[in-house]
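What follows is the content of entry-v6.cif, which has mmCIF, C-alpha atoms:
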data_start
#
loop_
_atom_site.label_atom_id
_atom_site.label_comp_id
_atom_site.auth_asym_id
_atom_site.auth_seq_id
_atom_site.Cartn_x
_atom_site.Cartn_y
_atom_site.Cartn_z
CA MET A 289 -46.87 -5.44 82.85
CA THR A 290 -50.67 -5.38 82.62
CA THR A 291 -52.20 -3.31 79.85
CA PHE A 292 -55.85 -2.36 79.96
CA TYR A 293 -58.33 -2.09 77.14
CA ASP A 294 -59.66 1.28 78.34
CA ASP A 295 -59.79 3.57 81.36
CA LEU A 296 -63.18 2.18 82.43
CA GLU A 297 -61.50 -0.97 83.71
CA THR A 298 -59.55 0.95 86.34
CA ARG A 299 -62.16 3.47 87.53
CA ASP A 300 -62.55 4.03 91.26
CA ALA A 301 -65.78 2.75 92.80
CA GLN A 302 -67.40 6.17 93.16
CA THR A 303 -66.80 7.13 89.52
CA ARG A 304 -68.11 3.79 88.30
CA GLU A 305 -71.24 3.96 90.47
CA ALA A 306 -72.03 7.51 89.31
CA ALA A 307 -71.65 6.58 85.64
CA GLN A 308 -73.67 3.40 85.99
CA THR A 309 -76.43 5.20 87.90
CA GLU A 310 -76.74 7.77 85.12
CA ALA A 311 -76.88 5.00 82.50
CA LEU A 312 -79.43 3.07 84.56
CA MET A 313 -81.71 6.09 84.81
CA ALA A 314 -81.59 6.45 81.03
CA GLN A 315 -82.45 2.76 80.59
CA ILE A 316 -85.40 3.07 82.95
CA GLN A 317 -86.72 6.03 80.96
CA ARG A 318 -86.47 4.03 77.72
CA VAL A 319 -88.33 1.08 79.21
CA GLU A 320 -91.01 3.17 80.92
CA ALA A 321 -91.79 4.86 77.60
CA ALA A 322 -92.17 1.52 75.82
CA GLU A 323 -95.42 -0.13 74.91
CA ARG A 324 -94.60 -2.99 77.27
CA SER A 325 -92.65 -2.22 80.43
CA CYS A 326 -90.79 -4.85 82.41
CA LEU A 327 -90.88 -2.42 85.34
CA ALA A 328 -94.63 -2.70 85.96
CA GLY A 329 -95.36 -3.01 89.66
CA GLY A 330 -91.91 -1.83 90.68
CA GLY A 331 -90.91 0.92 93.06
CA LYS A 332 -88.93 4.11 92.59
CA VAL A 333 -85.26 3.87 91.65
CA ALA A 334 -82.81 6.70 92.27
CA ALA A 335 -79.59 4.75 92.87
CA LEU A 336 -78.05 1.36 92.13
CA GLY A 337 -79.06 0.15 95.58
CA ASP A 338 -82.72 0.67 94.65
CA LEU A 339 -82.68 -1.96 91.90
CA PRO A 340 -84.26 -4.63 94.17
CA HIS A 341 -87.39 -2.44 94.19
CA LEU A 342 -87.95 -3.51 90.55
CA PRO A 343 -89.30 -6.90 89.44
CA VAL A 344 -87.05 -9.59 88.03
CA LEU A 345 -87.56 -10.38 84.33
CA ARG A 346 -87.26 -14.09 83.52
CA LYS A 347 -86.79 -15.84 80.18
CA SER A 348 -90.16 -17.53 80.49
CA GLN A 349 -91.85 -14.13 80.74
CA LEU A 350 -89.79 -12.77 77.85
CA ALA A 351 -90.82 -15.77 75.74
CA GLU A 352 -94.48 -15.07 76.48
CA TRP A 353 -94.08 -11.43 75.48
CA GLN A 354 -92.34 -12.41 72.27
CA ALA A 355 -95.13 -14.83 71.40
CA GLU A 356 -97.65 -12.01 71.81
CA ASP A 357 -95.56 -9.29 70.17
CA PRO A 358 -92.83 -10.78 67.94
CA PRO A 359 -89.95 -10.71 67.68
CA PHE A 360 -88.75 -8.85 70.79
CA GLY A 361 -91.84 -8.70 72.97
CA GLY A 362 -92.37 -4.96 72.85
CA ILE A 363 -89.03 -4.08 74.42
CA PRO A 364 -87.70 -0.84 72.83
CA VAL A 365 -85.00 -2.21 70.54
CA GLN A 366 -83.01 -0.06 68.11
CA ASN A 367 -80.07 -0.29 65.68
CA VAL A 368 -80.77 -3.94 64.87
CA SER A 369 -78.68 -5.60 62.18
CA HIS A 370 -79.32 -9.25 63.17
CA ILE A 371 -82.15 -11.30 64.64
CA PHE A 372 -81.06 -14.48 66.39
CA GLN A 373 -83.01 -17.46 67.68
CA SER A 374 -81.80 -19.36 70.73
CA PRO A 375 -83.34 -22.53 72.21
CA GLY A 376 -86.67 -21.87 73.84
CA PRO A 377 -87.17 -20.32 71.36
CA ILE A 378 -86.03 -16.86 72.42
CA TYR A 379 -85.28 -14.13 69.88
CA GLU A 380 -82.39 -11.73 70.48
CA PRO A 381 -81.40 -8.60 68.57
CA GLY A 382 -77.84 -7.96 67.46
CA GLY A 383 -76.07 -4.84 66.29
CA SER A 384 -73.09 -4.21 64.04
CA GLY A 385 -71.75 -1.26 66.00
CA HIS A 386 -68.27 -1.18 67.52
CA ASP A 387 -68.00 -3.88 70.22
CA TRP A 388 -71.81 -4.12 70.43
CA TRP A 389 -71.70 -7.17 72.74
CA ARG A 390 -68.64 -5.86 74.69
CA PHE A 391 -66.27 -8.76 73.99
CA ALA A 392 -63.24 -6.56 73.30
CA ARG A 393 -62.14 -6.27 76.94
CA PHE A 394 -62.13 -10.04 77.31
CA LEU A 395 -60.23 -10.66 74.08
CA HIS A 396 -57.72 -7.95 75.04
CA ALA A 397 -57.25 -9.69 78.41
CA CYS A 398 -56.51 -12.88 76.45
CA GLY A 399 -53.72 -11.02 74.64
CA ILE A 400 -55.63 -11.04 71.35
CA GLY A 401 -55.28 -7.96 69.16
CA ALA A 402 -53.91 -6.58 65.92
CA GLY A 403 -51.76 -9.17 64.16
CA ASP A 404 -53.68 -12.13 65.56
CA VAL A 405 -55.72 -14.50 63.44
CA VAL A 406 -58.62 -15.97 65.41
CA GLN A 407 -60.22 -19.30 64.49
CA ASN A 408 -63.80 -18.64 65.60
CA CYS A 409 -65.37 -22.03 66.27
CA PHE A 410 -68.61 -20.75 67.71
CA GLY A 411 -71.76 -21.29 65.66
CA TYR A 412 -72.90 -18.64 63.19
CA HIS A 413 -76.34 -20.09 62.43
CA LEU A 414 -79.38 -18.69 64.29
CA THR A 415 -77.59 -18.43 67.66
CA PRO A 416 -75.37 -15.35 68.19
CA ALA A 417 -72.14 -16.68 69.73
CA GLY A 418 -70.14 -16.71 66.50
CA THR A 419 -71.17 -13.17 65.60
CA MET A 420 -70.55 -11.98 69.17
CA PHE A 421 -66.94 -13.12 69.16
CA GLU A 422 -66.35 -11.87 65.63
CA ASN A 423 -67.67 -8.42 66.57
CA GLY A 424 -65.28 -8.31 69.53
CA ALA A 425 -62.35 -9.57 67.47
CA ARG A 426 -62.88 -6.77 64.94
CA ALA A 427 -62.92 -4.28 67.81
CA VAL A 428 -59.42 -5.34 68.92
CA GLY A 429 -58.10 -5.42 65.35
CA ALA A 430 -57.80 -9.19 64.92
CA THR A 431 -58.48 -11.14 61.73
CA VAL A 432 -61.17 -13.85 61.92
CA VAL A 433 -61.50 -17.28 60.34
CA PRO A 434 -65.28 -17.91 60.65
CA ALA A 435 -64.89 -21.64 61.16
CA GLY A 436 -68.00 -22.59 63.10
CA THR A 437 -68.15 -26.18 64.37
CA GLY A 438 -67.41 -29.58 62.87
CA GLN A 439 -65.28 -30.77 59.94
CA THR A 440 -62.23 -31.07 62.14
CA GLU A 441 -59.76 -31.91 59.37
CA LEU A 442 -60.79 -28.77 57.49
CA GLN A 443 -60.44 -26.82 60.74
CA VAL A 444 -56.83 -28.01 61.00
CA GLN A 445 -56.10 -27.14 57.38
CA ALA A 446 -57.61 -23.67 57.74
CA ALA A 447 -55.70 -22.98 60.95
CA LYS A 448 -52.42 -23.97 59.29
CA VAL A 449 -52.90 -22.09 56.02
CA ALA A 450 -54.34 -18.93 57.62
CA GLY A 451 -51.63 -18.79 60.27
CA VAL A 452 -54.11 -18.95 63.15
CA THR A 453 -52.67 -17.73 66.47
CA ALA A 454 -55.80 -17.74 68.65
CA TYR A 455 -58.87 -19.89 69.18
CA ALA A 456 -62.41 -18.88 70.15
CA GLY A 457 -64.94 -21.59 70.95
CA THR A 458 -66.12 -24.03 73.57
CA PRO A 459 -63.44 -25.22 75.99
CA ASP A 460 -63.15 -28.81 74.78
CA TYR A 461 -63.28 -28.35 71.00
CA LEU A 462 -59.79 -26.87 70.78
CA LYS A 463 -58.43 -30.13 72.19
CA VAL A 464 -60.26 -32.01 69.43
CA ILE A 465 -58.62 -29.77 66.81
CA LEU A 466 -55.16 -30.09 68.32
CA GLU A 467 -55.38 -33.86 68.60
CA LYS A 468 -56.53 -34.09 64.99
CA ALA A 469 -53.58 -31.89 63.99
CA ASP A 470 -51.24 -34.25 65.83
CA GLU A 471 -52.80 -37.18 64.01
CA MET A 472 -52.32 -35.40 60.67
CA GLY A 473 -48.73 -34.40 61.50
CA VAL A 474 -49.61 -30.70 61.29
CA SER A 475 -48.04 -28.13 63.60
CA LEU A 476 -50.32 -25.24 64.55
CA GLY A 477 -49.35 -21.84 65.95
CA ILE A 478 -52.21 -21.35 68.43
CA THR A 479 -50.97 -19.77 71.68
CA LYS A 480 -54.16 -18.07 72.96
CA ALA A 481 -57.65 -19.36 73.60
CA ALA A 482 -60.81 -17.44 74.50
CA VAL A 483 -63.49 -19.90 75.55
CA SER A 484 -67.08 -19.96 76.75
CA GLY A 485 -70.23 -22.04 76.38
CA GLY A 486 -69.17 -24.82 78.76
CA ALA A 487 -67.10 -25.65 81.81
CA LEU A 488 -63.34 -25.14 81.57
CA PHE A 489 -62.10 -27.91 83.83
CA PRO A 490 -58.73 -27.34 85.57
CA SER A 491 -57.24 -30.46 83.97
CA LEU A 492 -58.15 -29.19 80.50
CA ARG A 493 -56.67 -25.75 81.18
CA ASP A 494 -53.47 -27.47 82.36
CA TRP A 495 -53.43 -29.60 79.19
CA TYR A 496 -53.49 -26.43 77.10
CA ALA A 497 -50.85 -24.76 79.26
CA ASP A 498 -48.54 -27.75 78.72
CA ARG A 499 -48.82 -27.04 74.99
CA GLY A 500 -47.99 -23.36 75.45
CA ILE A 501 -51.56 -22.11 75.13
CA THR A 502 -53.00 -19.57 77.55
CA CYS A 503 -56.70 -20.33 77.95
CA LEU A 504 -59.11 -17.87 79.58
CA GLN A 505 -62.88 -18.06 79.85
CA CYS A 506 -65.74 -15.59 79.94
CA TYR A 507 -69.34 -15.61 81.07
CA ALA A 508 -71.78 -14.23 78.51
CA THR A 509 -75.33 -14.86 77.34
CA ALA A 510 -77.17 -14.39 74.07
CA ASP A 511 -79.50 -11.84 75.63
CA LEU A 512 -76.98 -9.74 77.54
CA GLY A 513 -73.63 -10.12 75.81
CA MET A 514 -70.54 -10.06 78.01
CA ILE A 515 -71.18 -10.30 81.76
CA ALA A 516 -67.78 -11.18 83.24
CA TYR A 517 -64.37 -12.39 82.08
CA GLU A 518 -61.11 -13.83 83.33
CA THR A 519 -57.87 -11.90 83.07
CA LYS A 520 -55.73 -14.63 84.67
CA PRO A 521 -56.51 -18.25 85.49
CA ASN A 522 -58.11 -19.02 88.84
CA GLU A 523 -58.54 -15.41 89.96
CA GLY A 524 -62.27 -15.12 89.37
CA MET A 525 -64.12 -13.20 86.67
CA ILE A 526 -64.26 -9.41 86.52
CA LEU A 527 -67.65 -7.87 85.81
CA ASP A 528 -67.91 -6.11 82.48
CA GLU A 529 -68.24 -2.33 82.60
CA GLY A 530 -71.48 -2.35 80.58
CA VAL A 531 -73.62 -4.31 83.03
CA ILE A 532 -74.88 -4.07 86.60
CA VAL A 533 -74.84 -7.46 88.30
CA GLU A 534 -76.76 -8.54 91.38
CA ILE A 535 -76.49 -11.89 93.17
CA VAL A 536 -79.92 -12.72 94.56
CA THR A 537 -81.80 -15.49 96.30
CA PRO A 538 -83.33 -17.62 93.51
CA GLY A 539 -87.03 -17.03 93.11
CA THR A 540 -87.13 -13.85 95.20
CA GLY A 541 -84.85 -11.23 93.61
CA ASP A 542 -83.57 -10.26 97.06
CA PRO A 543 -79.80 -9.65 97.28
CA VAL A 544 -77.78 -12.26 99.15
CA THR A 545 -75.01 -11.52 101.63
CA PRO A 546 -71.74 -10.67 99.81
CA GLY A 547 -69.87 -13.90 99.09
CA GLU A 548 -73.00 -16.04 99.33
CA VAL A 549 -74.02 -18.13 96.33
CA GLY A 550 -77.14 -16.94 94.53
CA GLU A 551 -78.70 -16.34 91.14
CA VAL A 552 -77.07 -13.87 88.74
CA VAL A 553 -79.44 -11.04 87.79
CA VAL A 554 -78.13 -8.57 85.22
CA THR A 555 -79.12 -5.08 84.09
CA SER A 556 -77.70 -4.28 80.67
CA LEU A 557 -76.64 -0.69 80.00
CA ASN A 558 -76.74 -1.22 76.22
CA PRO A 559 -79.22 1.47 75.03
CA ASP A 560 -80.07 -0.60 71.95
CA TYR A 561 -81.57 -3.44 74.02
CA PRO A 562 -82.52 -2.36 77.54
CA LEU A 563 -82.95 -5.39 79.79
CA ILE A 564 -83.41 -4.50 83.45
CA ARG A 565 -82.98 -7.11 86.22
CA PHE A 566 -82.84 -9.98 83.74
CA ALA A 567 -82.52 -13.33 85.53
CA THR A 568 -79.92 -15.58 83.94
CA GLY A 569 -80.78 -18.71 85.93
CA ASP A 570 -77.04 -19.11 86.62
CA MET A 571 -75.55 -19.30 90.11
CA SER A 572 -72.42 -17.47 91.25
CA ALA A 573 -71.01 -15.46 94.15
CA THR A 574 -68.97 -12.30 94.54
CA MET A 575 -65.34 -12.44 95.61
CA GLU A 576 -63.60 -10.27 98.18
CA GLY A 577 -60.95 -7.76 97.24
CA PRO A 578 -59.71 -6.34 93.94
CA SER A 579 -58.24 -8.42 91.16
CA PRO A 580 -54.43 -8.75 91.25
CA CYS A 581 -54.41 -7.67 87.59
CA GLY A 582 -55.28 -4.08 88.56
CA ARG A 583 -58.83 -3.92 87.19
CA THR A 584 -61.10 -2.45 89.83
CA ASN A 585 -64.57 -3.81 89.15
CA THR A 586 -66.18 -6.51 91.30
CA ARG A 587 -65.19 -10.12 90.72
CA ILE A 588 -67.46 -13.16 90.73
CA LYS A 589 -66.48 -16.79 91.06
CA GLY A 590 -67.80 -17.70 87.64
CA TRP A 591 -70.47 -20.23 86.81
CA MET A 592 -71.52 -22.32 89.82
CA GLY A 593 -74.52 -24.23 88.47
CA ARG A 594 -78.11 -23.39 87.66
CA ALA A 595 -80.82 -21.94 89.84
CA ASP A 596 -83.15 -24.39 88.14
CA GLN A 597 -82.38 -27.73 86.53
CA THR A 598 -81.45 -26.22 83.18
CA THR A 599 -78.02 -27.59 82.27
CA LYS A 600 -75.52 -26.76 79.55
CA ILE A 601 -74.27 -29.85 77.69
CA LYS A 602 -71.83 -29.57 74.78
CA GLY A 603 -72.45 -25.83 74.74
CA MET A 604 -76.26 -26.14 74.47
CA PHE A 605 -78.82 -25.56 77.21
CA VAL A 606 -81.13 -28.46 78.02
CA ARG A 607 -84.23 -27.24 79.86
CA PRO A 608 -86.86 -29.09 81.92
CA GLU A 609 -89.58 -28.02 79.49
CA GLN A 610 -87.64 -29.72 76.67
CA VAL A 611 -87.59 -32.96 78.66
CA ALA A 612 -91.36 -32.64 79.11
CA ALA A 613 -91.72 -32.17 75.34
CA LEU A 614 -89.56 -35.25 74.81
CA VAL A 615 -91.85 -37.33 77.03
CA ALA A 616 -94.93 -36.08 75.18
CA LYS A 617 -93.37 -36.76 71.77
CA THR A 618 -92.30 -40.34 72.57
CA GLY A 619 -95.21 -41.50 74.68
CA ALA A 620 -92.85 -42.43 77.51
CA ASP A 621 -94.02 -42.29 81.09
CA ARG A 622 -90.95 -40.38 82.23
CA ALA A 623 -87.48 -39.35 81.03
CA ARG A 624 -84.27 -38.30 82.74
CA VAL A 625 -81.34 -36.55 81.06
CA ILE A 626 -77.97 -37.32 82.65
CA ALA A 627 -74.88 -35.19 81.93
CA THR A 628 -71.49 -36.81 82.53
CA ARG A 629 -67.92 -36.21 81.52
CA GLU A 630 -65.64 -38.52 79.53
CA GLY A 631 -62.09 -37.22 79.44
CA GLU A 632 -62.48 -33.52 78.66
CA SER A 633 -65.76 -33.83 76.77
CA ASP A 634 -69.40 -33.72 77.79
CA ARG A 635 -71.54 -36.82 77.40
CA MET A 636 -75.32 -37.06 77.56
CA ALA A 637 -77.48 -40.05 78.33
CA VAL A 638 -81.28 -40.10 78.28
CA ARG A 639 -83.12 -42.75 80.27
CA PHE A 640 -86.74 -43.36 79.37
CA GLU A 641 -89.31 -45.18 81.42
CA GLY A 642 -92.33 -46.83 79.86
CA GLU A 643 -93.63 -49.82 77.96
CA GLY A 644 -93.57 -50.48 74.24
CA LEU A 645 -90.84 -47.94 73.54
CA ASP A 646 -88.56 -48.20 70.50
CA ALA A 647 -84.90 -47.26 71.06
CA THR A 648 -84.38 -46.04 67.49
CA ALA A 649 -87.41 -43.76 67.64
CA LEU A 650 -86.32 -42.49 71.05
CA ALA A 651 -82.85 -41.59 69.75
CA ALA A 652 -84.37 -39.68 66.83
CA ALA A 653 -86.69 -37.81 69.21
CA VAL A 654 -83.76 -36.87 71.47
CA LYS A 655 -81.88 -35.37 68.54
CA ASP A 656 -84.98 -33.53 67.32
CA VAL A 657 -86.11 -32.08 70.66
CA LEU A 658 -82.84 -31.57 72.53
CA LYS A 659 -80.73 -30.75 69.43
CA LEU A 660 -78.05 -33.09 70.79
CA LYS A 661 -77.08 -36.72 70.32
CA GLY A 662 -76.95 -38.92 73.39
CA GLU A 663 -76.96 -42.49 74.62
CA VAL A 664 -80.54 -43.75 74.96
CA SER A 665 -81.72 -46.49 77.31
CA ILE A 666 -85.11 -47.81 78.43
CA ALA A 667 -85.72 -48.42 82.11
CA ALA A 668 -88.34 -50.67 83.63
CA PRO A 669 -91.52 -48.93 84.81
CA GLY A 670 -91.05 -47.44 88.26
CA SER A 671 -87.24 -47.71 88.21
CA LEU A 672 -86.24 -44.06 87.66
CA PRO A 673 -85.67 -42.11 90.90
CA ARG A 674 -88.65 -40.14 92.19
CA ASP A 675 -86.56 -37.21 93.36
CA GLY A 676 -88.07 -34.49 91.21
CA LEU A 677 -85.08 -34.34 88.84
CA VAL A 678 -85.55 -34.55 85.10
CA ILE A 679 -82.00 -33.31 84.38
CA GLU A 680 -79.14 -34.70 86.46
CA ASP A 681 -75.66 -33.20 86.17
CA GLN A 682 -73.08 -35.72 87.40
CA ARG A 683 -70.05 -33.72 86.25
CA SER A 684 -67.51 -32.51 88.80
CA TYR A 685 -66.39 -28.90 88.42
CA ASP A 686 -63.50 -29.22 90.88
CA THR A 687 -61.16 -31.50 88.89
#

Produce structure tokens that represent the structure in this file.
Amino acid sequence: MTTFYDDLETRDAQTREAAQTEALMAQIQRVEAAERSCLAGGGKVAALGDLPHLPVLRKSQLAEWQAEDPPFGGIPVQNVSHIFQSPGPIYEPGGSGHDWWRFARFLHACGIGAGDVVQNCFGYHLTPAGTMFENGARAVGATVVPAGTGQTELQVQAAKVAGVTAYAGTPDYLKVILEKADEMGVSLGITKAAVSGGALFPSLRDWYADRGITCLQCYATADLGMIAYETKPNEGMILDEGVIVEIVTPGTGDPVTPGEVGEVVVTSLNPDYPLIRFATGDMSATMEGPSPCGRTNTRIKGWMGRADQTTKIKGMFVRPEQVAALVAKTGADRARVIATREGESDRMAVRFEGEGLDATALAAAVKDVLKLKGEVSIAAPGSLPRDGLVIEDQRSYDT
């Protein structure tokens, strides 16, 4: 029998629309009263359907505002307990209030609650993912082991001693922990996994299921918090109750036909950080019909690629502007980042084109600029494809 986190998950469409419209009007008032308004040039809004009258706010614009008016670009932020820095750099506020990022519904859907001990393997340094999941875990009454990433043997020891029952982290790192535990002859009691920050491939989900672990994923960002979450495998992601999501034609902000793939644009109803029509750069599509689990909000198909070439590798975004910075730093003529998959893990290769390049210096530059390690190779001048791509994602998301 399905249990729900709260009554908001099962509201009828009219009740939800009325409540979200009221919250949206309040957000618009907050933003209009701010020193810098992201609504400049927009039309009048009186209902959810009027949102396309407002301009889309993109990360590049937010970064410019933050450079002029640090740290949050003049957006009316309140109740801040944390300041985070994500790649870009982009600065995000965080709060310590109850379920501030709205992760509780997702963790509840994963079966995580009072009595569970969660090994939180998201990062706690600068970027907010670790704190986001911890905030949600506290909201559902779970105990947290703030493990972060790396030191796999210590991760195994901590999971054993603390009696860990649930995992939070990127999809592939749990497999690394479990395989290390097997190697060490340690039996762990993990039966639930709440993952994000990378693709959950069907084969990897099946691998966990064969070990008695239910693995569900969510879609969230550092700026917006929770956007959508799974309640059962392969049934889409249900939109969180604290956001309004539009699927639009990339570059225009115009809504697509229901079911058509487009860019995810999100309006956050969090009064502490009002972002209106914030473009995620991610692609998705709505799904027909209600979820079989009984929750009534709209479903989306989950992450379906990027509206631009920005690609997530090993849980970190790699952006075209970073590749440009890499070329400038190394003196190469061109560079191409290639994302592939080896087993259940992401792999990155960087191909440089140019003369007089040093492989060791290139590898150091890759780590410094992209914040990731990858295989480095040097191609002959003129040999890289002239197809406009600087980031090529060769991973398949269907197997």

Give me, as a PDB file with C-alpha atoms, in the frame of the given file, all polymer residues having an atom no more than 12 Å from Val428 (chain A), counting only C-alpha atoms and skipping those fewer than 6 positions away in the same chain.
ATOM      1  CA  PHE A 292     -55.850  -2.360  79.960  1.00  0.00           C
ATOM      2  CA  TYR A 293     -58.330  -2.090  77.140  1.00  0.00           C
ATOM      3  CA  ASP A 294     -59.660   1.280  78.340  1.00  0.00           C
ATOM      4  CA  HIS A 386     -68.270  -1.180  67.520  1.00  0.00           C
ATOM      5  CA  ASP A 387     -68.000  -3.880  70.220  1.00  0.00           C
ATOM      6  CA  ARG A 390     -68.640  -5.860  74.690  1.00  0.00           C
ATOM      7  CA  PHE A 391     -66.270  -8.760  73.990  1.00  0.00           C
ATOM      8  CA  ALA A 392     -63.240  -6.560  73.300  1.00  0.00           C
ATOM      9  CA  ARG A 393     -62.140  -6.270  76.940  1.00  0.00           C
ATOM     10  CA  PHE A 394     -62.130 -10.040  77.310  1.00  0.00           C
ATOM     11  CA  LEU A 395     -60.230 -10.660  74.080  1.00  0.00           C
ATOM     12  CA  HIS A 396     -57.720  -7.950  75.040  1.00  0.00           C
ATOM     13  CA  ALA A 397     -57.250  -9.690  78.410  1.00  0.00           C
ATOM     14  CA  CYS A 398     -56.510 -12.880  76.450  1.00  0.00           C
ATOM     15  CA  GLY A 399     -53.720 -11.020  74.640  1.00  0.00           C
ATOM     16  CA  ILE A 400     -55.630 -11.040  71.350  1.00  0.00           C
ATOM     17  CA  GLY A 401     -55.280  -7.960  69.160  1.00  0.00           C
ATOM     18  CA  ALA A 402     -53.910  -6.580  65.920  1.00  0.00           C
ATOM     19  CA  GLY A 403     -51.760  -9.170  64.160  1.00  0.00           C
ATOM     20  CA  ASP A 404     -53.680 -12.130  65.560  1.00  0.00           C
ATOM     21  CA  VAL A 405     -55.720 -14.500  63.440  1.00  0.00           C
ATOM     22  CA  VAL A 406     -58.620 -15.970  65.410  1.00  0.00           C
ATOM     23  CA  PHE A 421     -66.940 -13.120  69.160  1.00  0.00           C
ATOM     24  CA  GLU A 422     -66.350 -11.870  65.630  1.00  0.00           C
TER      25      GLU A 422
END

(request) Check the smallest atom-to-atom distance from each of A:Gly337, A:Gly361, A:Gly550, A:Gly451 to Thr568 (chain A) using all atoms listed in the file, then report the winner. (result)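 Result for the nearest residue to Thr568 (chain A): A:Gly550.
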
(request) Go through A:Glu576, A:Glu529, A:Glu641, A:Asp646 and flag the residue nearest Gln308 (chain A), using only C-alpha atoms for the distances. (result)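 That would be A:Glu529, the residue with the smallest distance to Gln308 (chain A).
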
Could you produce a table of the residues of region 481-511 of chain A lying within 9 Å of region 587-611 of chain A, with the nearest pair of atoms per residue and their separation in Å rounded to one decimal, using only C-alpha atoms, ordered by chain and increasing residue number, as a Markdown table?
| residue | atom | partner | partner_atom | distance |
| --- | --- | --- | --- | --- |
| A:Ser484 | CA | A:Gly603 | CA | 8.2 |
| A:Gly485 | CA | A:Gly603 | CA | 4.7 |
| A:Gly486 | CA | A:Gly603 | CA | 5.3 |
| A:Ala487 | CA | A:Trp591 | CA | 8.1 |
| A:Cys506 | CA | A:Gly590 | CA | 8.2 |
| A:Tyr507 | CA | A:Gly590 | CA | 7.1 |

Limited to C-alpha atoms, could you put the picked residues into a file as a PDB file, in the frame of the given file?
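Okay, again-v1.pdb is ready:
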ATOM      1  CA  SER A 484     -67.080 -19.960  76.750  1.00  0.00           C
ATOM      2  CA  GLY A 485     -70.230 -22.040  76.380  1.00  0.00           C
ATOM      3  CA  GLY A 486     -69.170 -24.820  78.760  1.00  0.00           C
ATOM      4  CA  ALA A 487     -67.100 -25.650  81.810  1.00  0.00           C
ATOM      5  CA  CYS A 506     -65.740 -15.590  79.940  1.00  0.00           C
ATOM      6  CA  TYR A 507     -69.340 -15.610  81.070  1.00  0.00           C
TER       7      TYR A 507
END

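Reported to one decimal place, the separation of CA of Gly513 (chain A) from CA of Ser556 (chain A) is 8.6 Å.
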
(message) Residues within 7 Å of region 437-439 of chain A, please, as a list in words. Count only C-alpha atoms; anything in the same chain fewer than 5 positions from it doesn't count.
(response)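 Result of the neighbour search: Cys409, Phe410 and Gly411 of chain A.
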
(message) Taking 5 positions as the minimum chain separation for residues in the same chain, which residues sit within 12 Å of Pro546 (chain A) when counting only C-alpha atoms? Answer as a list in words.
(response)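 My reading of the contact set: Glu534, Ile535, Val536, Thr537, Ser572, Ala573, Thr574, Met575, Glu576, Gly577, Thr586, Arg587, Ile588 and Lys589 of chain A.
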
(request) Expand the PyMOL selection byres ((chain A and resi 488) around 9) into the individual residues it matches in the shown file, reporting them as a ChimeraX atom specification. (result) /A:458-460,483-484,486-487,489-493,503-505,632,685

(message) So that I can see what lies close to Asp560 (chain A), please list as a list in words the residues with an atom at most 9 Å from it, counting all atoms listed in the file and leaving out residues fewer than 3 positions away in the same chain.
(response)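 So, after excluding close chain neighbours, the residues are Pro364, Val365, Gln366, Asn367, Val368, Pro381, Gly382, Gly383 and Leu557 of chain A.
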
(request) For CA of Leu672 (chain A) and CA of Glu630 (chain A), determine how far apart the two atoms are, in Å to one decimal place. (result) 22.8 Å

(request) Check what the PyMOL selection byres ((chain A and resi 562) around 12) selects in the file above and give those residues as a PyMOL selection string. (result) chain A and resi 311-322+325-327+345+360+362-366+380-381+511-513+530-532+554-561+563-566

Would you save the residues from that selection as a tab-separated table (two decimals), in the frame of the given file, using C-alpha atoms?
chain	number	residue	atom	x	y	z
A	311	ALA	CA	-76.88	5.00	82.50
A	312	LEU	CA	-79.43	3.07	84.56
A	313	MET	CA	-81.71	6.09	84.81
A	314	ALA	CA	-81.59	6.45	81.03
A	315	GLN	CA	-82.45	2.76	80.59
A	316	ILE	CA	-85.40	3.07	82.95
A	317	GLN	CA	-86.72	6.03	80.96
A	318	ARG	CA	-86.47	4.03	77.72
A	319	VAL	CA	-88.33	1.08	79.21
A	320	GLU	CA	-91.01	3.17	80.92
A	321	ALA	CA	-91.79	4.86	77.60
A	322	ALA	CA	-92.17	1.52	75.82
A	325	SER	CA	-92.65	-2.22	80.43
A	326	CYS	CA	-90.79	-4.85	82.41
A	327	LEU	CA	-90.88	-2.42	85.34
A	345	LEU	CA	-87.56	-10.38	84.33
A	360	PHE	CA	-88.75	-8.85	70.79
A	362	GLY	CA	-92.37	-4.96	72.85
A	363	ILE	CA	-89.03	-4.08	74.42
A	364	PRO	CA	-87.70	-0.84	72.83
A	365	VAL	CA	-85.00	-2.21	70.54
A	366	GLN	CA	-83.01	-0.06	68.11
A	380	GLU	CA	-82.39	-11.73	70.48
A	381	PRO	CA	-81.40	-8.60	68.57
A	511	ASP	CA	-79.50	-11.84	75.63
A	512	LEU	CA	-76.98	-9.74	77.54
A	513	GLY	CA	-73.63	-10.12	75.81
A	530	GLY	CA	-71.48	-2.35	80.58
A	531	VAL	CA	-73.62	-4.31	83.03
A	532	ILE	CA	-74.88	-4.07	86.60
A	554	VAL	CA	-78.13	-8.57	85.22
A	555	THR	CA	-79.12	-5.08	84.09
A	556	SER	CA	-77.70	-4.28	80.67
A	557	LEU	CA	-76.64	-0.69	80.00
A	558	ASN	CA	-76.74	-1.22	76.22
A	559	PRO	CA	-79.22	1.47	75.03
A	560	ASP	CA	-80.07	-0.60	71.95
A	561	TYR	CA	-81.57	-3.44	74.02
A	563	LEU	CA	-82.95	-5.39	79.79
A	564	ILE	CA	-83.41	-4.50	83.45
A	565	ARG	CA	-82.98	-7.11	86.22
A	566	PHE	CA	-82.84	-9.98	83.74

(request) Please evaluate the PyMOL selection byres ((chain A and resi 622) around 8) against the displayed coordinates and give the resulting residues as a VMD selection string. (result) chain A and resid 615 620 to 621 623 to 624 640 to 642
